[in-house]
Structures are given as structure tokens and as C-alpha cells.
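Okay, final.cif now, which holds mmCIF, C-alpha atoms:
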```cif
data_input
loop_
_atom_site.label_atom_id
_atom_site.label_comp_id
_atom_site.auth_asym_id
_atom_site.auth_seq_id
_atom_site.Cartn_x
_atom_site.Cartn_y
_atom_site.Cartn_z
CA MET A 1 32.67 15.12 -35.21
CA GLU A 2 29.25 15.12 -36.77
CA ALA A 3 26.84 17.13 -34.64
CA VAL A 4 23.08 16.80 -34.37
CA SER A 5 20.91 19.69 -33.24
CA VAL A 6 18.16 19.03 -30.73
CA SER A 7 15.67 21.64 -29.57
CA ALA A 8 13.98 21.62 -26.20
CA LYS A 9 11.05 23.54 -24.77
CA LEU A 10 11.56 24.98 -21.32
CA THR A 11 9.16 26.73 -19.01
CA LYS A 12 9.77 30.44 -18.38
CA LYS A 13 11.06 29.61 -14.91
CA GLU A 14 13.50 27.00 -16.26
CA ALA A 15 14.68 29.38 -18.99
CA ALA A 16 15.34 32.07 -16.37
CA MET A 17 17.26 29.57 -14.21
CA LEU A 18 19.28 28.47 -17.22
CA GLU A 19 20.09 32.10 -18.05
CA LYS A 20 21.23 32.71 -14.47
CA LEU A 21 23.31 29.52 -14.22
CA THR A 22 24.93 30.14 -17.61
CA ARG A 23 26.14 33.51 -16.31
CA GLU A 24 27.13 32.27 -12.85
CA TYR A 25 29.12 29.29 -14.13
CA GLY A 26 30.67 31.15 -17.03
CA PHE A 27 29.36 28.94 -19.84
CA ILE A 28 29.90 30.58 -23.21
CA SER A 29 26.23 30.10 -24.11
CA LYS A 30 23.01 28.51 -22.89
CA SER A 31 23.55 25.76 -25.47
CA GLU A 32 26.92 24.98 -23.88
CA ALA A 33 25.30 24.81 -20.43
CA ILE A 34 22.65 22.40 -21.75
CA ARG A 35 25.25 20.29 -23.56
CA SER A 36 27.19 20.00 -20.34
CA ALA A 37 24.04 19.02 -18.39
CA VAL A 38 23.11 16.39 -20.98
CA ARG A 39 26.63 14.91 -20.92
CA LEU A 40 26.56 14.70 -17.14
CA TYR A 41 23.14 13.00 -17.26
CA LEU A 42 24.33 10.53 -19.92
CA ASN A 43 27.45 9.78 -17.89
CA LEU A 44 25.28 9.00 -14.88
CA LEU A 45 23.01 6.67 -16.83
CA GLU A 46 25.97 4.85 -18.38
CA LEU A 47 27.50 3.90 -15.03
CA GLY A 48 27.35 0.29 -13.91
CA PRO A 49 24.19 -0.75 -12.01
CA GLN A 50 25.66 -0.51 -8.52
CA GLU A 51 27.41 2.83 -9.07
CA ARG A 52 24.34 4.23 -10.82
CA LEU A 53 22.11 3.29 -7.90
CA ARG A 54 24.56 4.76 -5.38
CA MET A 55 24.79 8.01 -7.35
CA LEU A 56 21.02 8.21 -7.78
CA GLN A 57 20.54 7.61 -4.07
CA LEU A 58 22.90 10.49 -3.37
CA ILE A 59 21.06 12.77 -5.83
CA ASN A 60 17.74 11.89 -4.17
CA GLU A 61 19.22 12.71 -0.79
CA MET A 62 20.74 16.01 -1.96
CA ILE A 63 17.68 17.26 -3.84
CA ALA A 64 14.96 16.19 -1.41
CA PRO A 65 16.19 14.69 1.85
CA GLY A 66 13.22 13.18 3.63
CA ARG A 67 13.13 12.46 7.33
CA LYS A 68 10.72 9.55 7.17
CA THR A 69 11.91 6.02 6.55
CA SER A 70 10.81 3.97 3.55
CA GLY A 71 8.63 1.83 5.81
CA GLU A 72 6.93 4.89 7.30
CA LEU A 73 6.25 6.38 3.85
CA ILE A 74 4.68 3.16 2.56
CA GLU A 75 2.64 2.83 5.75
CA GLU A 76 1.37 6.42 5.41
CA ALA A 77 0.35 5.81 1.82
CA HIS A 78 -1.56 2.69 2.92
CA ARG A 79 -3.39 4.66 5.60
CA GLU A 80 -4.33 7.28 3.00
CA ASP A 81 -5.90 4.54 0.88
CA ASP A 82 -7.86 3.37 3.91
CA ASP A 83 -9.10 6.89 4.64
CA LEU A 84 -10.43 7.44 1.11
CA MET B 1 10.26 -7.81 -3.10
CA GLU B 2 7.79 -5.58 -1.44
CA PRO B 3 7.74 -1.73 -1.83
CA SER B 4 9.20 -0.86 1.59
CA VAL B 5 12.54 -2.36 0.53
CA LEU B 6 12.38 -0.95 -3.02
CA VAL B 7 11.99 2.63 -1.72
CA LYS B 8 15.24 2.10 0.22
CA LEU B 9 17.09 2.24 -3.11
CA PHE B 10 16.36 5.96 -3.29
CA LYS B 11 16.91 6.95 0.33
CA ARG B 12 19.90 6.83 2.63
CA GLU B 13 18.79 4.92 5.68
CA GLN B 14 19.40 1.67 7.51
CA ASP B 15 20.17 -1.17 5.08
CA SER B 16 19.76 1.01 1.98
CA GLY B 17 23.35 0.23 0.92
CA LYS B 18 22.63 -3.46 1.44
CA MET B 19 19.59 -3.16 -0.83
CA ILE B 20 21.74 -1.63 -3.60
CA ASP B 21 24.25 -4.48 -3.23
CA LEU B 22 21.43 -6.99 -3.41
CA ILE B 23 19.99 -5.53 -6.63
CA ALA B 24 23.49 -5.47 -8.15
CA ALA B 25 23.87 -9.14 -7.20
CA VAL B 26 20.51 -9.97 -8.81
CA ASP B 27 21.69 -8.17 -11.99
CA GLU B 28 24.91 -10.16 -12.09
CA GLU B 29 23.90 -13.63 -10.93
CA LYS B 30 22.02 -15.48 -13.66
CA GLN B 31 20.52 -18.02 -11.27
CA TRP B 32 18.93 -15.36 -9.08
CA PHE B 33 15.36 -14.35 -9.67
CA ALA B 34 13.75 -11.29 -8.15
CA CYS B 35 10.19 -10.17 -8.66
CA THR B 36 7.62 -7.75 -7.37
CA SER B 37 4.06 -6.85 -8.24
CA ARG B 38 3.67 -4.22 -10.94
CA TRP B 39 1.57 -2.46 -8.30
CA SER B 40 4.82 -1.75 -6.41
CA LEU B 41 5.69 0.91 -9.00
CA LEU B 42 2.67 2.93 -7.86
CA GLU B 43 3.48 2.45 -4.19
CA VAL B 44 7.11 3.43 -4.70
CA ALA B 45 6.03 6.51 -6.70
CA ARG B 46 3.56 7.52 -3.98
CA ALA B 47 6.14 7.05 -1.21
CA LEU B 48 8.70 9.16 -3.10
CA ARG B 49 6.11 11.84 -3.70
CA LYS B 50 5.24 11.86 -0.01
CA ASP B 51 8.97 12.19 0.66
CA GLY B 52 8.99 15.44 -1.34
CA LYS B 53 10.92 14.23 -4.36
CA PRO B 54 10.28 16.30 -7.52
CA LYS B 55 8.39 14.78 -10.45
CA GLU B 56 11.45 14.41 -12.69
CA LEU B 57 13.36 12.59 -9.98
CA ILE B 58 10.46 10.22 -9.27
CA GLU B 59 10.25 9.43 -12.99
CA LEU B 60 13.99 8.80 -13.16
CA ASN B 61 13.85 6.58 -10.05
CA LEU B 62 11.04 4.49 -11.54
CA LYS B 63 12.88 4.14 -14.86
CA GLU B 64 15.97 3.08 -12.92
CA LEU B 65 13.93 0.49 -11.01
CA MET B 66 12.69 -0.98 -14.28
CA ARG B 67 16.21 -1.12 -15.72
CA HIS B 68 17.26 -3.92 -13.36
CA LYS B 69 16.65 -7.64 -13.52
CA ILE B 70 13.45 -7.43 -11.51
CA THR B 71 10.38 -9.12 -12.95
CA PHE B 72 7.22 -7.06 -12.53
CA LEU B 73 4.28 -9.38 -12.02
CA ASP B 74 1.00 -8.31 -13.56
CA VAL B 75 -1.97 -7.80 -11.27
CA THR B 76 -4.18 -10.37 -12.93
CA ARG B 77 -7.76 -11.40 -12.08
CA SER B 78 -6.35 -14.42 -10.34
CA VAL B 79 -4.08 -12.23 -8.16
CA ILE B 80 -7.02 -9.95 -7.28
CA SER B 81 -9.19 -12.94 -6.47
CA GLN B 82 -6.56 -14.46 -4.15
CA ALA B 83 -5.92 -11.04 -2.59
CA GLN B 84 -9.66 -10.80 -1.85
CA SER B 85 -9.60 -14.11 -0.01
CA ILE B 86 -6.53 -13.07 2.01
CA LEU B 87 -8.01 -9.67 2.84
CA ILE B 88 -11.36 -11.08 3.94
CA SER B 89 -9.76 -13.56 6.32
CA ARG B 90 -7.20 -11.17 7.85
CA ASN B 91 -7.04 -7.56 8.92
CA ILE B 92 -4.52 -6.21 6.40
CA TYR B 93 -4.28 -3.41 3.82
CA ALA B 94 -5.47 -4.11 0.28
CA SER B 95 -1.97 -3.40 -1.07
CA ASP B 96 -0.42 -5.94 1.29
CA ALA B 97 -2.99 -8.51 0.17
CA ILE B 98 -2.00 -7.85 -3.47
CA HIS B 99 1.68 -8.42 -2.64
CA ALA B 100 0.95 -11.60 -0.68
CA ALA B 101 -1.24 -12.93 -3.52
CA SER B 102 1.42 -12.02 -6.11
CA TYR B 103 4.02 -13.89 -4.06
CA LEU B 104 1.82 -16.96 -3.74
CA GLY B 105 1.03 -16.84 -7.47
CA ALA B 106 4.73 -16.58 -8.35
CA THR B 107 5.64 -19.57 -6.16
CA GLN B 108 3.50 -21.74 -8.43
CA HIS B 109 5.92 -21.13 -11.31
CA ARG B 110 9.24 -20.39 -9.59
CA HIS B 111 11.06 -21.44 -6.49
CA LEU B 112 11.08 -18.33 -4.29
CA GLU B 113 13.17 -18.28 -1.12
CA ALA B 114 11.06 -15.65 0.57
CA MET B 115 9.45 -12.25 0.27
CA LEU B 116 11.90 -9.48 1.10
CA SER B 117 10.11 -6.93 3.23
CA ASP B 118 10.65 -4.48 6.05
CA ASP B 119 6.92 -3.98 6.48
CA LYS B 120 5.83 -5.23 9.89
CA HIS B 121 2.31 -5.97 8.61
CA PHE B 122 3.60 -8.94 6.70
CA ARG B 123 4.39 -10.70 9.96
CA ARG B 124 0.64 -11.29 10.23
CA LEU B 125 0.92 -13.34 7.05
CA ALA B 126 3.85 -15.42 8.26
CA ASP B 127 1.82 -18.63 7.93
CA ILE B 128 1.29 -18.15 4.19
CA VAL B 129 4.23 -15.94 3.14
CA LYS B 130 7.80 -16.58 4.22
CA ILE B 131 9.24 -13.17 5.07
CA GLN B 132 12.88 -12.13 5.10
CA THR B 133 14.13 -8.71 6.07
CA LEU B 134 17.34 -7.14 4.79
CA ASN B 135 18.73 -7.95 8.21
CA ASP B 136 18.33 -11.65 7.41
CA VAL B 137 20.19 -11.30 4.10
CA LYS B 138 23.82 -12.23 4.42
CA ALA B 139 26.42 -9.66 3.35
CA MET B 140 27.23 -9.87 -0.38
#
```

Could the structure of this file be written out as C-alpha cells, please?
Amino acid sequence: MEAVSVSAKLTKKEAAMLEKLTREYGFISKSEAIRSAVRLYLNLLELGPQERLRMLQLINEMIAPGRKTSGELIEEAHREDDDL
Amino acid sequence: MEPSVLVKLFKREQDSGKMIDLIAAVDEEKQWFACTSRWSLLEVARALRKDGKPKELIELNLKELMRHKITFLDVTRSVISQAQSILISRNIYASDAIHAASYLGATQHRHLEAMLSDDKHFRRLADIVKIQTLNDVKAM
């Protein structure tokens, strides 16, 4: 398998998190942890449209579950515009 | 399609699964045509930001939105001009006027069944814009 090297700049906070996760999950190196993350991301984006949307909806809900409905959020943003 | 239904794609709430099914159907069915104003991208982004989603996730959500068979209608001078007329004659938000004007502009070139919206403000425009909610959409 021909491999291509890609470098990435991370913030100090991200680098520290990567260091921690690499240890906690037992990856052999930070590169291996990143490779795994990239593969997971690529797998997600290669899903069919419906599955991709369902997965993305789940990720949104897990990372930042909001209590307001879509309609309420749009309405709030409109009111903000009015207040400006 | 108006932003209140597009945001549903990225939240788990009433009819959000139905919205995903609908977009998948639009992707698959060649005879279907779905459009929204390009302005919707900003409204969706703002709503997701207000919902506390991180920057990277908002960017990914917007890229996802643009990956589907949705036509994003440019906010042209003609759209702005029609939105002005709508806004002056009715008590509605500027954004809603843009969406109504975009819908009316699009109907000149395509046969549109209705505007899909869950925004109650659009009921005030029922005489010029035919509104359908996700509730009205039959199961796919």
C-alpha cells in the first residue's frame, strides 16, 4: 500500500487532548490516533445520503443537545435582527 | 424549503426523521425539485450557533446541506425588490420576506407545489405563498 504523509497543525489544547486520548485508548502513537479519526470521518462522509444525515443528526445531538426547537431558534434569530 | 425545516435535519425533534426521508427522496427522485434561498445557509448557521453547536460541526452541517439535490437560489436585486414590496405591505420579518420573494421568483421558472415551512409567520402570507408543513407531507 502506497502511503502519503499529511501534516496538520493543532492548537495546544487539541494537541494535549490528542496526547491524552492516545494514552487512554491505547493507540500506539498520535499518528495512529489521527489515522483512525480520519478513517472514521471518511467512513461517515461516504455513507449514503439518508444514513449520513441520520448519523450527523445523532452526532449533533450527542455533541451539543439543544432544548429549543428549530422553529424557536429561527424565530430568536429573526428577533435579534429586529433588535439590531 | 424555508430554514425552520432545514434546521430539523441537524436536531432530533418532531418530524426531523421525516425531513431526512424527504431530502433522501429528493436526492433519489429525478422529477423532484427542491430549492431554498441561499440566505437560508446563514439562517441555518445562526440557528445552529444559537443551539450551541461548535464551529466545526456547523461547518460540517452546512457542507452536508449543500451536498444534496437542493438548489440554492441567489438573492438577486429582483428578489430584494419583491421582498421590499412584501415587507412594506405586511408586518413580517425581512428574512421571511426574502423567502417569500424567492419562492415567488422560483415559481416563474418551475412548477412548485408549495413552500415547506414550520414557521407560523408564513401563515400571514397564505394568500401569496402556498405553505405546507411536514405534517402535510405524506409518509415516504

Report task. Starting from chain A, keep only residues with some atom at most 12 Å from an atom of chain B, counting all atoms listed in the file, and report them as an NGL selection string. Result -> :A and (41 or 44-83)

Report summary line: Between atom CA of Ser31 of chain A and atom CA of Leu18 of chain A lies a distance of 9.7 Å

Report task. Excluding segment 74-87 of chain B and residues on its chain fewer than 6 positions from it, collect all residues at most 8 Å away from it, counting all atoms listed in the file, and give them as an MDAnalysis selection string. Result -> chainID B and resid 37:39 93:94 97:98 100:102 105

Report task. Please indicate the distance in Å from atom CA of Lys63 of chain B to atom CA of Ala114 of chain B, rounded to one decimal place. Result ->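 Between these atoms lies a distance of 25.2 Å.
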
**Report entry** Test item: the PyMOL selection byres ((chain B and resi 113) around 9) resolved as a ChimeraX atom specification
**Finding:** /B:111-112,114-115,130-132

Requested in this report: Determine the residue membership of the PyMOL selection byres ((chain A and resi 33) around 12) for the file above and supply it as a VMD selection string.
Outcome: chain A and resid 15 17 to 32 34 to 40

Some atoms are missing, so please complete segment 109-138 of chain B with N, CA and C atoms and return it as a JSON list (two decimals), in the coordinates of the input.
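Written file, rebuild.json:
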```json
[["chain", "number", "residue", "atom", "x", "y", "z"],
["B", 109, "HIS", "N", 5.10, -20.97, -10.09],
["B", 109, "HIS", "CA", 5.92, -21.13, -11.31],
["B", 109, "HIS", "C", 7.42, -21.14, -11.02],
["B", 110, "ARG", "N", 7.82, -20.51, -9.91],
["B", 110, "ARG", "CA", 9.24, -20.39, -9.59],
["B", 110, "ARG", "C", 9.48, -20.78, -8.15],
["B", 111, "HIS", "N", 10.71, -21.19, -7.89],
["B", 111, "HIS", "CA", 11.06, -21.44, -6.49],
["B", 111, "HIS", "C", 11.49, -20.10, -5.88],
["B", 112, "LEU", "N", 10.73, -19.59, -4.95],
["B", 112, "LEU", "CA", 11.08, -18.33, -4.29],
["B", 112, "LEU", "C", 11.54, -18.64, -2.87],
["B", 113, "GLU", "N", 12.65, -18.07, -2.49],
["B", 113, "GLU", "CA", 13.17, -18.28, -1.12],
["B", 113, "GLU", "C", 12.25, -17.63, -0.10],
["B", 114, "ALA", "N", 11.88, -16.40, -0.39],
["B", 114, "ALA", "CA", 11.06, -15.65, 0.57],
["B", 114, "ALA", "C", 10.65, -14.31, -0.04],
["B", 115, "MET", "N", 9.78, -13.62, 0.68],
["B", 115, "MET", "CA", 9.45, -12.25, 0.27],
["B", 115, "MET", "C", 10.33, -11.31, 1.11],
["B", 116, "LEU", "N", 11.04, -10.43, 0.41],
["B", 116, "LEU", "CA", 11.90, -9.48, 1.10],
["B", 116, "LEU", "C", 11.06, -8.27, 1.48],
["B", 117, "SER", "N", 10.97, -8.02, 2.77],
["B", 117, "SER", "CA", 10.11, -6.93, 3.23],
["B", 117, "SER", "C", 10.59, -6.37, 4.56],
["B", 118, "ASP", "N", 10.38, -5.08, 4.74],
["B", 118, "ASP", "CA", 10.65, -4.48, 6.05],
["B", 118, "ASP", "C", 9.34, -4.00, 6.65],
["B", 119, "ASP", "N", 8.24, -4.41, 6.03],
["B", 119, "ASP", "CA", 6.92, -3.98, 6.48],
["B", 119, "ASP", "C", 6.43, -4.94, 7.57],
["B", 120, "LYS", "N", 6.20, -4.37, 8.75],
["B", 120, "LYS", "CA", 5.83, -5.23, 9.89],
["B", 120, "LYS", "C", 4.47, -5.93, 9.69],
["B", 121, "HIS", "N", 3.62, -5.36, 8.83],
["B", 121, "HIS", "CA", 2.31, -5.97, 8.61],
["B", 121, "HIS", "C", 2.39, -7.38, 8.05],
["B", 122, "PHE", "N", 3.48, -7.63, 7.32],
["B", 122, "PHE", "CA", 3.60, -8.94, 6.70],
["B", 122, "PHE", "C", 3.83, -10.06, 7.70],
["B", 123, "ARG", "N", 4.21, -9.66, 8.94],
["B", 123, "ARG", "CA", 4.39, -10.70, 9.96],
["B", 123, "ARG", "C", 3.06, -11.40, 10.24],
["B", 124, "ARG", "N", 1.96, -10.68, 10.02],
["B", 124, "ARG", "CA", 0.64, -11.29, 10.23],
["B", 124, "ARG", "C", 0.37, -12.39, 9.21],
["B", 125, "LEU", "N", 1.14, -12.36, 8.12],
["B", 125, "LEU", "CA", 0.92, -13.34, 7.05],
["B", 125, "LEU", "C", 1.99, -14.43, 7.06],
["B", 126, "ALA", "N", 2.70, -14.50, 8.18],
["B", 126, "ALA", "CA", 3.85, -15.42, 8.26],
["B", 126, "ALA", "C", 3.47, -16.87, 7.96],
["B", 127, "ASP", "N", 2.22, -17.24, 8.19],
["B", 127, "ASP", "CA", 1.82, -18.63, 7.93],
["B", 127, "ASP", "C", 1.63, -18.93, 6.45],
["B", 128, "ILE", "N", 1.45, -17.88, 5.63],
["B", 128, "ILE", "CA", 1.29, -18.15, 4.19],
["B", 128, "ILE", "C", 2.43, -17.57, 3.35],
["B", 129, "VAL", "N", 3.12, -16.55, 3.89],
["B", 129, "VAL", "CA", 4.23, -15.94, 3.14],
["B", 129, "VAL", "C", 5.49, -15.97, 4.00],
["B", 130, "LYS", "N", 6.55, -16.57, 3.46],
["B", 130, "LYS", "CA", 7.80, -16.58, 4.22],
["B", 130, "LYS", "C", 8.49, -15.23, 4.03],
["B", 131, "ILE", "N", 8.67, -14.52, 5.13],
["B", 131, "ILE", "CA", 9.24, -13.17, 5.07],
["B", 131, "ILE", "C", 10.72, -13.17, 5.45],
["B", 132, "GLN", "N", 11.49, -12.40, 4.71],
["B", 132, "GLN", "CA", 12.88, -12.13, 5.10],
["B", 132, "GLN", "C", 13.08, -10.63, 5.09],
["B", 133, "THR", "N", 13.80, -10.13, 6.07],
["B", 133, "THR", "CA", 14.13, -8.71, 6.07],
["B", 133, "THR", "C", 15.56, -8.58, 5.55],
["B", 134, "LEU", "N", 15.96, -7.35, 5.27],
["B", 134, "LEU", "CA", 17.34, -7.14, 4.79],
["B", 134, "LEU", "C", 18.35, -7.55, 5.85],
["B", 135, "ASN", "N", 17.91, -7.51, 7.09],
["B", 135, "ASN", "CA", 18.73, -7.95, 8.21],
["B", 135, "ASN", "C", 19.08, -9.43, 8.09],
["B", 136, "ASP", "N", 18.13, -10.20, 7.55],
["B", 136, "ASP", "CA", 18.33, -11.65, 7.41],
["B", 136, "ASP", "C", 19.26, -11.99, 6.25],
["B", 137, "VAL", "N", 19.38, -11.03, 5.30],
["B", 137, "VAL", "CA", 20.19, -11.30, 4.10],
["B", 137, "VAL", "C", 21.66, -11.20, 4.45],
["B", 138, "LYS", "N", 22.39, -12.23, 4.10],
["B", 138, "LYS", "CA", 23.82, -12.23, 4.42],
["B", 138, "LYS", "C", 24.54, -11.19, 3.57]]
```
